[in-house]
Each structure stands twice: as structure tokens, then as C-alpha cells.
Amino acid sequence: MKKQKIVLFSVILLIGIFLNQSLFAQVQTNCYKVKSGESKSILIENGQLYRITIKSCWYSAEACIGTYLIYGLNVSDPKTQGRPSVLVVAETPTIDWRFSYRLNGQYNADMRITSQGWGDQGLLIVVEKLSCY
């Protein structure tokens, strides 16, 4: 009888651990340097979450920076107006880039980040694709 209780308790404990398992974050990071006045396209996949940080600097004396959370939507659906969902986390009062979008495949978007030419060092773009496993 005591062994049966121990076995039953062990099974219940294992089921509880299995049901309450946590997910682990996985981050895939890519960095890009874009010359002043040029642009870079980033693939934003439908259903994926990204964090993008951008820096533009002028002679190491002034800088524009911004961080954005981006969730890929079905950009072929008219409700999305052809754009993923973009949340501005933080940005300096002035920025040296602009975003534009176009359909890539059936649902994904190409997010084009274009330097406006203010920073003599161009843009540094850090793209983090966030997921769980």
C-alpha cells in the first residue's frame, strides 16, 4: 500500500511538472550597417515577433536612436493596410530613418529602413527575432 502511494504521488508530480513547464526564450540576432542615404530590407514574417534597434550618429557628437517591437501580420489582409504592427518602445526626438513596407510572398512583409542621410556613419540596425521553444 505504501509503494502504491509513492508511485501515485510520483505520477501526479510528473504530470504537474509537465503541465507547468515554462518556455525558454530564443533570440536570433542580425546586425546591419547601412551607408548614409541608403536602405536595408528586413523580412518580417507573419506571426513572428521582432525587436529592432537603430542608431544613427553624426561625428560621434550627436546620435539618433530608436527601439521598436514589431509583430508580423498578414499584410495581404486589407485590415493591416499592408503593414506589420509596430510599437515604438523609445526613440530620440529626431530620427534619421523612415520605414516603408511591401508584400513578400503571401503574408509576409519586407520592411525597408531608409537612412535620411543625416548621420555621417550611416545606420546601425540590430534585428532580434524573438521566439519561445
# chains A, B, ... in the order shown; residues from 1 in each chain; ligands from 1

call {"tool": "residues_around", "arguments": {"residues": "range 105-114 of chain A", "least_positions_apart": "2", "cutoff": "9 Å", "atoms": "only C-alpha atoms", "output": "PyMOL selection string"}}
result
chain A and resi 34+36-47+72-77+82-84+96-103+116-117+123+125

call {"tool": "select_by_dssp", "arguments": {"residues": "chain A", "states": "helix (DSSP H, G or I)", "output": "PyMOL selection string"}}
result
chain A and resi 2-19+78-80

call {"tool": "write_last_selection", "arguments": {"atoms": "N, CA and C atoms", "output": "short mmCIF file (atom, residue, chain, number, x, y, z; two decimals), in the first residue's frame"}}
result
data_model
loop_
_atom_site.label_atom_id
_atom_site.label_comp_id
_atom_site.auth_asym_id
_atom_site.auth_seq_id
_atom_site.Cartn_x
_atom_site.Cartn_y
_atom_site.Cartn_z
N LYS A 2 1.96 1.27 0.76
CA LYS A 2 2.85 2.42 0.83
C LYS A 2 3.53 2.65 -0.52
N LYS A 3 3.93 1.58 -1.23
CA LYS A 3 4.56 1.71 -2.54
C LYS A 3 3.59 2.29 -3.56
N GLN A 4 2.31 1.90 -3.47
CA GLN A 4 1.31 2.42 -4.40
C GLN A 4 1.12 3.92 -4.20
N LYS A 5 1.14 4.38 -2.95
CA LYS A 5 1.00 5.81 -2.67
C LYS A 5 2.20 6.58 -3.22
N ILE A 6 3.39 6.02 -3.07
CA ILE A 6 4.61 6.67 -3.57
C ILE A 6 4.57 6.76 -5.10
N VAL A 7 4.15 5.67 -5.74
CA VAL A 7 4.07 5.65 -7.20
C VAL A 7 3.01 6.66 -7.67
N LEU A 8 1.84 6.68 -7.02
CA LEU A 8 0.78 7.61 -7.38
C LEU A 8 1.24 9.06 -7.19
N PHE A 9 1.91 9.34 -6.08
CA PHE A 9 2.42 10.68 -5.83
C PHE A 9 3.44 11.07 -6.90
N SER A 10 4.31 10.17 -7.27
CA SER A 10 5.33 10.43 -8.30
C SER A 10 4.70 10.73 -9.64
N VAL A 11 3.67 9.97 -10.00
CA VAL A 11 2.97 10.20 -11.28
C VAL A 11 2.30 11.57 -11.27
N ILE A 12 1.64 11.91 -10.17
CA ILE A 12 0.97 13.21 -10.06
C ILE A 12 2.01 14.33 -10.13
N LEU A 13 3.15 14.17 -9.48
CA LEU A 13 4.21 15.17 -9.51
C LEU A 13 4.75 15.35 -10.92
N LEU A 14 4.99 14.26 -11.64
CA LEU A 14 5.50 14.35 -13.01
C LEU A 14 4.49 15.01 -13.94
N ILE A 15 3.21 14.69 -13.78
CA ILE A 15 2.17 15.33 -14.59
C ILE A 15 2.14 16.83 -14.31
N GLY A 16 2.24 17.21 -13.04
CA GLY A 16 2.26 18.63 -12.66
C GLY A 16 3.45 19.36 -13.26
N ILE A 17 4.61 18.73 -13.22
CA ILE A 17 5.80 19.35 -13.80
C ILE A 17 5.61 19.50 -15.31
N PHE A 18 5.07 18.48 -15.96
CA PHE A 18 4.86 18.52 -17.41
C PHE A 18 3.88 19.62 -17.80
N LEU A 19 2.79 19.75 -17.05
CA LEU A 19 1.77 20.74 -17.38
C LEU A 19 2.23 22.17 -17.08
N PRO A 78 -6.63 43.45 -46.00
CA PRO A 78 -6.86 44.90 -46.06
C PRO A 78 -6.88 45.58 -44.69
N LYS A 79 -7.23 44.85 -43.63
CA LYS A 79 -7.29 45.44 -42.29
C LYS A 79 -5.91 45.90 -41.80
N THR A 80 -4.83 45.29 -42.30
CA THR A 80 -3.49 45.64 -41.83
C THR A 80 -2.91 46.83 -42.58
#

call {"tool": "atom_distance", "arguments": {"atom1": "CA of Tyr32 in chain A", "atom2": "CA of Val86 in chain A"}}
result
19.6 Å

call {"tool": "closest_residue", "arguments": {"among": "A:Val126, A:Ile70, A:Val88, A:Tyr133", "to": "Gln48 in chain A", "atoms": "only C-alpha atoms"}}
result
A:Ile70

call {"tool": "atom_distance", "arguments": {"atom1": "CA of Gly66 in chain A", "atom2": "CA of Pro93 in chain A"}}
result
9.6 Å

call {"tool": "closest_residue", "arguments": {"among": "A:Ala90, A:Ile54, A:Cys132, A:Ile65", "to": "Lys33 in chain A", "atoms": "only C-alpha atoms"}}
result
A:Ile54

call {"tool": "closest_residue", "arguments": {"among": "A:Asn104, A:Ser131, A:Ser115, A:Gln81", "to": "Lys55 in chain A", "atoms": "only C-alpha atoms"}}
result
A:Ser115

call {"tool": "residues_around", "arguments": {"residues": "Ile52 in chain A", "least_positions_apart": "2", "cutoff": "6 Å", "atoms": "only C-alpha atoms", "output": "list in words"}}
result
Thr67, Tyr68, Val126 and Val127 of chain A
